[in-house]
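Single-structure report; data block below.
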Amino acid sequence: MSSTIAHLVYSFNVGGLERVIVNLINSCNDDDVRHVIICQVPEFELAAQVPDTVKLYSLDKKPGNDISSHIRLFQLLRKIRPDVLHTYNFGTFEYQITAFLAGVKVRVHAEHGRDGEYDAKVRRRRSIVRRIVLPFLHHFIVVSPDLFSWAKDTLKLREPKLQFVYNGIDVAAFECDRNMQAKSTYTFIAVGRLAEVKNHGFLIDAFDALRKQMPDKNMRLQIVGDGPCRAALTSKIQSLQLEDCVQLLGARDDIPQLLCEADTFVLSSTYEAMPMTLLEAMASGLPVISTRV
């Protein structure tokens with residue numbers, strides 16, 4: 001008898017969380033398990049990285065509190081009748097009540113980070129929502145020791161409802177033979193969304209300071225990813241006159257190769273939980289320079 005797992009996420013564009021879903025689906029060797037992806041907004045850049053048998057749906061959610069998206073989800077769940085609904089991060093958490101009302105047998109939520117909770121008002125609002133929704137959950141999954149402590153101390157969750165599962169990667173996919181011969185250019189590489197939490201502006205400033213300290217060294221910085229901060233970062237690069245040595249490479253599908261060609265991985269984020277890009281960099285054998293996150 002086959003089972004259906006519905007993954008509910010904000011979008012299916014390029015990102016660490018979305019690649020977790022890709023890995024989960026592609027690593028599932030059980031022919032009796034069917035996967036469905038439901039997005040709040042119609043963004044499906046990673047659709048080509050999952051099998052054609054995986055159906056994708058959009059709730060066409062409007063900005064803000066869109067009650068009609070709950071109605072559309074209820075109707076969709078009644079239609080596809082999944083055995084499990086797996087929601088990801090706070091933005092999809094409230095839909096667990098809709099899943100309960102739609103009769104979904106198993107309801108799972110995973111927190112991959114607490115981005116945006118530095119503001120006290122945001123924390124209070126989210127705390128209220130969590131208290132309301134948590135009774136409707138069967139399992140609450142976290143991916144890092146920090147999140148596990150937070151879930152125990154703040155949310156007062158306990159096992160077996162609270163589960164700690166590290167993010168994982170296919171280590172073999174990132175193995176590479178590193179040529180230890182001296183190269184004419186030393187390459188720093190960062191991989192991540194061009195979003196404020198990734199703090200790429202700070203990274204560019206640090207790289208500029210390093211170049212000034214070591215003017216005789218030939219260095220470059222490659223930043224892989226795309227997002228809302230791209231225009232601001234482009235402007236910063238131009239204002240510092242770093243166009244010849246700082247590259248915004250955009251979204252790429254050859255990250256293993258780029259990591260193999262680089263010399264050091266840099267992570268400048270102000271917050272992380274268990275970053276996929278850091279795991280991939282270490283799997284490729286790169287030394288890492290990171291903020292203390």
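We name chains A, B, ... following the order of the structure tokens; residues begin at 1 in each chain, and ligands are numbered from 1 as shown.
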
- Contacts of range 170-178 of chain A at 9 Å or less, counting only C-alpha atoms, minus same-chain residues fewer than 2 places along, as a ChimeraX atom specification? /A:23,168,180-181,255-257,259-261,279-285

Just-selected residues, C-alpha atoms written as a PDB file, in the first residue's frame:
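File out16.pdb, as written:
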ATOM      1  CA  ASN A  23      17.802  15.448  -1.064  1.00  0.00           C
ATOM      2  CA  GLY A 168      22.820  15.756   5.686  1.00  0.00           C
ATOM      3  CA  MET A 180      48.175  21.505  -4.061  1.00  0.00           C
ATOM      4  CA  GLN A 181      50.420  23.326  -6.528  1.00  0.00           C
ATOM      5  CA  ILE A 255      28.664  24.257  -7.052  1.00  0.00           C
ATOM      6  CA  PRO A 256      30.731  21.063  -6.472  1.00  0.00           C
ATOM      7  CA  GLN A 257      33.078  22.116  -9.281  1.00  0.00           C
ATOM      8  CA  LEU A 259      34.170  24.445  -4.516  1.00  0.00           C
ATOM      9  CA  CYS A 260      36.875  22.196  -5.936  1.00  0.00           C
ATOM     10  CA  GLU A 261      38.457  25.120  -7.773  1.00  0.00           C
ATOM     11  CA  LEU A 279      28.696  20.982   5.062  1.00  0.00           C
ATOM     12  CA  GLU A 280      29.333  20.880   1.311  1.00  0.00           C
ATOM     13  CA  ALA A 281      32.468  23.016   1.620  1.00  0.00           C
ATOM     14  CA  MET A 282      33.886  20.740   4.321  1.00  0.00           C
ATOM     15  CA  ALA A 283      33.022  17.660   2.257  1.00  0.00           C
ATOM     16  CA  SER A 284      35.045  19.147  -0.605  1.00  0.00           C
ATOM     17  CA  GLY A 285      38.038  19.567   1.714  1.00  0.00           C
TER      18      GLY A 285
END

- Message: According to DSSP computed on the backbone, where in range 113-236 of chain A is there alpha helix (DSSP H)? Give the residues as number ranges by chain.
- Response: A: 120-133, 145-153, 200-213, 230-236

The selected residues should be written to file as an mmCIF file, in the first residue's frame (atoms: C-alpha atoms).
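Writing done, so here's out-v9.cif:
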data_model
loop_
_atom_site.group_PDB
_atom_site.id
_atom_site.type_symbol
_atom_site.label_atom_id
_atom_site.label_comp_id
_atom_site.auth_asym_id
_atom_site.auth_seq_id
_atom_site.Cartn_x
_atom_site.Cartn_y
_atom_site.Cartn_z
ATOM 1 C CA ALA A 120 10.839 41.256 20.426
ATOM 2 C CA LYS A 121 7.446 41.923 18.814
ATOM 3 C CA VAL A 122 8.072 39.226 16.208
ATOM 4 C CA ARG A 123 9.096 36.744 18.912
ATOM 5 C CA ARG A 124 5.942 37.446 20.949
ATOM 6 C CA ARG A 125 3.663 37.077 17.939
ATOM 7 C CA ARG A 126 5.305 33.858 16.863
ATOM 8 C CA SER A 127 5.199 32.524 20.412
ATOM 9 C CA ILE A 128 1.419 32.932 20.475
ATOM 10 C CA VAL A 129 1.044 31.175 17.113
ATOM 11 C CA ARG A 130 3.292 28.314 18.233
ATOM 12 C CA ARG A 131 1.310 27.763 21.444
ATOM 13 C CA ILE A 132 -1.893 27.512 19.385
ATOM 14 C CA VAL A 133 -0.510 25.215 16.677
ATOM 15 C CA PRO A 145 21.934 21.808 18.806
ATOM 16 C CA ASP A 146 20.976 25.488 19.200
ATOM 17 C CA LEU A 147 17.472 24.846 17.866
ATOM 18 C CA PHE A 148 17.131 21.732 20.031
ATOM 19 C CA SER A 149 17.935 23.720 23.182
ATOM 20 C CA TRP A 150 15.530 26.466 22.112
ATOM 21 C CA ALA A 151 12.715 23.979 21.457
ATOM 22 C CA LYS A 152 13.240 22.354 24.885
ATOM 23 C CA ASP A 153 13.721 25.511 26.952
ATOM 24 C CA HIS A 200 27.596 39.654 2.214
ATOM 25 C CA GLY A 201 28.222 43.385 2.525
ATOM 26 C CA PHE A 202 30.352 42.670 5.602
ATOM 27 C CA LEU A 203 32.163 39.953 3.659
ATOM 28 C CA ILE A 204 32.994 42.338 0.817
ATOM 29 C CA ASP A 205 34.296 44.913 3.312
ATOM 30 C CA ALA A 206 36.478 42.241 4.947
ATOM 31 C CA PHE A 207 37.848 41.160 1.578
ATOM 32 C CA ASP A 208 38.612 44.793 0.698
ATOM 33 C CA ALA A 209 40.475 45.217 4.008
ATOM 34 C CA LEU A 210 42.479 42.043 3.361
ATOM 35 C CA ARG A 211 43.532 43.237 -0.090
ATOM 36 C CA LYS A 212 44.754 46.519 1.395
ATOM 37 C CA GLN A 213 46.758 44.639 4.036
ATOM 38 C CA ARG A 230 22.038 41.757 -5.442
ATOM 39 C CA ALA A 231 21.660 45.384 -6.577
ATOM 40 C CA ALA A 232 23.012 46.760 -3.279
ATOM 41 C CA LEU A 233 25.981 44.377 -3.363
ATOM 42 C CA THR A 234 26.723 45.293 -6.975
ATOM 43 C CA SER A 235 26.729 48.956 -5.984
ATOM 44 C CA LYS A 236 29.076 48.262 -3.047
#

- Message: as a PyMOL selection string, please: every residue in range 77-207 of chain A that a backbone DSSP assignment puts in strand (DSSP E).
- Response: chain A and resi 84-88+106-111+139-142+162-164+186-191

- Message: Could you list, as JSON, numbers by chain, every residue within 12 Å of Gly15 in chain A, counting only C-alpha atoms and ignoring same-chain residues fewer than 6 positions away?
- Response: {"A": [9, 21, 22, 43, 44, 45, 46, 112, 191, 192, 193, 194, 195, 224, 225, 226, 227, 251, 252, 253, 275, 276, 277]}

- Point-to-point distance in Å for CA of Tyr10 in chain A and CA of Gln247 in chain A: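 Between CA of Gln247 in chain A and CA of Tyr10 in chain A the gap is 28.5 Å.
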
- Item | Within 10 Å of Pro287 in chain A using only C-alpha atoms, minus same-chain residues under 5 positions, as a VMD selection string | chain A and resid 262 to 266 281 to 282

- Item | Who sits within 10 Å of range 78-82 of chain A, only C-alpha atoms, same chain under 4 positions skipped, as a PyMOL selection string | chain A and resi 3-7+34-36+72-74+99+101-106

Go ahead and write the residues just picked, N, CA and C atoms, as a PDB file, in the first residue's frame.
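Dumped to again27.pdb:
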ATOM      1  N   SER A   3       2.097   5.275   0.194  1.00  0.00           N
ATOM      2  CA  SER A   3       1.864   6.420   1.064  1.00  0.00           C
ATOM      3  C   SER A   3       2.267   7.691   0.339  1.00  0.00           C
ATOM      4  N   THR A   4       1.614   8.788   0.691  1.00  0.00           N
ATOM      5  CA  THR A   4       1.909  10.076   0.069  1.00  0.00           C
ATOM      6  C   THR A   4       2.372  11.067   1.125  1.00  0.00           C
ATOM      7  N   ILE A   5       3.531  11.698   0.862  1.00  0.00           N
ATOM      8  CA  ILE A   5       4.058  12.750   1.729  1.00  0.00           C
ATOM      9  C   ILE A   5       3.955  14.070   0.985  1.00  0.00           C
ATOM     10  N   ALA A   6       3.288  15.037   1.595  1.00  0.00           N
ATOM     11  CA  ALA A   6       3.178  16.374   1.011  1.00  0.00           C
ATOM     12  C   ALA A   6       4.139  17.305   1.749  1.00  0.00           C
ATOM     13  N   HIS A   7       5.032  17.938   1.001  1.00  0.00           N
ATOM     14  CA  HIS A   7       5.995  18.898   1.562  1.00  0.00           C
ATOM     15  C   HIS A   7       5.458  20.305   1.296  1.00  0.00           C
ATOM     16  N   ARG A  34       5.114   8.214  -2.289  1.00  0.00           N
ATOM     17  CA  ARG A  34       4.934   9.247  -3.313  1.00  0.00           C
ATOM     18  C   ARG A  34       5.103  10.612  -2.660  1.00  0.00           C
ATOM     19  N   HIS A  35       5.805  11.519  -3.354  1.00  0.00           N
ATOM     20  CA  HIS A  35       6.063  12.856  -2.815  1.00  0.00           C
ATOM     21  C   HIS A  35       5.303  13.910  -3.624  1.00  0.00           C
ATOM     22  N   VAL A  36       4.798  14.891  -2.914  1.00  0.00           N
ATOM     23  CA  VAL A  36       4.104  16.030  -3.508  1.00  0.00           C
ATOM     24  C   VAL A  36       4.696  17.298  -2.890  1.00  0.00           C
ATOM     25  N   ARG A  72      -7.683  27.071   0.031  1.00  0.00           N
ATOM     26  CA  ARG A  72      -7.140  26.342  -1.123  1.00  0.00           C
ATOM     27  C   ARG A  72      -6.338  25.116  -0.668  1.00  0.00           C
ATOM     28  N   LEU A  73      -5.590  25.248   0.428  1.00  0.00           N
ATOM     29  CA  LEU A  73      -4.839  24.102   0.935  1.00  0.00           C
ATOM     30  C   LEU A  73      -5.798  23.013   1.413  1.00  0.00           C
ATOM     31  N   PHE A  74      -6.850  23.399   2.136  1.00  0.00           N
ATOM     32  CA  PHE A  74      -7.834  22.424   2.612  1.00  0.00           C
ATOM     33  C   PHE A  74      -8.412  21.638   1.435  1.00  0.00           C
ATOM     34  N   ALA A  99      -4.319  21.258   7.988  1.00  0.00           N
ATOM     35  CA  ALA A  99      -4.091  19.837   7.707  1.00  0.00           C
ATOM     36  C   ALA A  99      -4.884  18.959   8.666  1.00  0.00           C
ATOM     37  N   LEU A 101      -7.739  19.758  10.125  1.00  0.00           N
ATOM     38  CA  LEU A 101      -9.142  19.846   9.716  1.00  0.00           C
ATOM     39  C   LEU A 101      -9.417  19.057   8.443  1.00  0.00           C
ATOM     40  N   ALA A 102      -8.378  18.933   7.581  1.00  0.00           N
ATOM     41  CA  ALA A 102      -8.531  18.184   6.329  1.00  0.00           C
ATOM     42  C   ALA A 102      -8.357  16.683   6.530  1.00  0.00           C
ATOM     43  N   GLY A 103      -8.018  16.267   7.745  1.00  0.00           N
ATOM     44  CA  GLY A 103      -7.927  14.846   8.036  1.00  0.00           C
ATOM     45  C   GLY A 103      -6.599  14.196   7.715  1.00  0.00           C
ATOM     46  N   VAL A 104      -5.506  15.001   7.607  1.00  0.00           N
ATOM     47  CA  VAL A 104      -4.183  14.416   7.362  1.00  0.00           C
ATOM     48  C   VAL A 104      -3.757  13.636   8.607  1.00  0.00           C
ATOM     49  N   LYS A 105      -3.356  12.385   8.412  1.00  0.00           N
ATOM     50  CA  LYS A 105      -3.117  11.480   9.547  1.00  0.00           C
ATOM     51  C   LYS A 105      -1.889  11.858  10.370  1.00  0.00           C
ATOM     52  N   VAL A 106      -0.786  12.224   9.692  1.00  0.00           N
ATOM     53  CA  VAL A 106       0.469  12.529  10.383  1.00  0.00           C
ATOM     54  C   VAL A 106       0.918  13.923   9.986  1.00  0.00           C
TER      55      VAL A 106
END

- Query: Could you work out how far CA of Glu94 in chain A lies from CA of Asn13 in chain A, giving the answer in Å with one decimal?
  - Reply: 21.3 Å

- Message: Neighbouring residues of Leu134 in chain A were defined as those with any atom within 10 Å, considering only C-alpha atoms; residues of the same chain fewer than 6 positions away were excluded. Please report them as an MDAnalysis selection string.
- Response: chainID A and resid 93:94 96:97 109 140 155 157 161

Those residues you just picked out, can you put them in a file as a PDB file, in the first residue's frame with C-alpha atoms?
ATOM      1  CA  PHE A  93       3.569  26.431  10.547  1.00  0.00           C
ATOM      2  CA  GLU A  94      -0.022  27.701  10.845  1.00  0.00           C
ATOM      3  CA  GLN A  96      -0.848  22.443  10.337  1.00  0.00           C
ATOM      4  CA  ILE A  97      -4.294  23.329  11.726  1.00  0.00           C
ATOM      5  CA  HIS A 109       7.000  20.386  11.129  1.00  0.00           C
ATOM      6  CA  PHE A 140       8.586  18.927  15.676  1.00  0.00           C
ATOM      7  CA  LEU A 155       8.760  25.785  23.568  1.00  0.00           C
ATOM      8  CA  LEU A 157       8.870  20.346  23.890  1.00  0.00           C
ATOM      9  CA  LYS A 161       7.394  14.875  19.829  1.00  0.00           C
TER      10      LYS A 161
END

- Residue nearest Gly91 in chain A among A:Leu8, A:Ala48, A:Met274, A:Val143 (counting only C-alpha atoms): A:Leu8
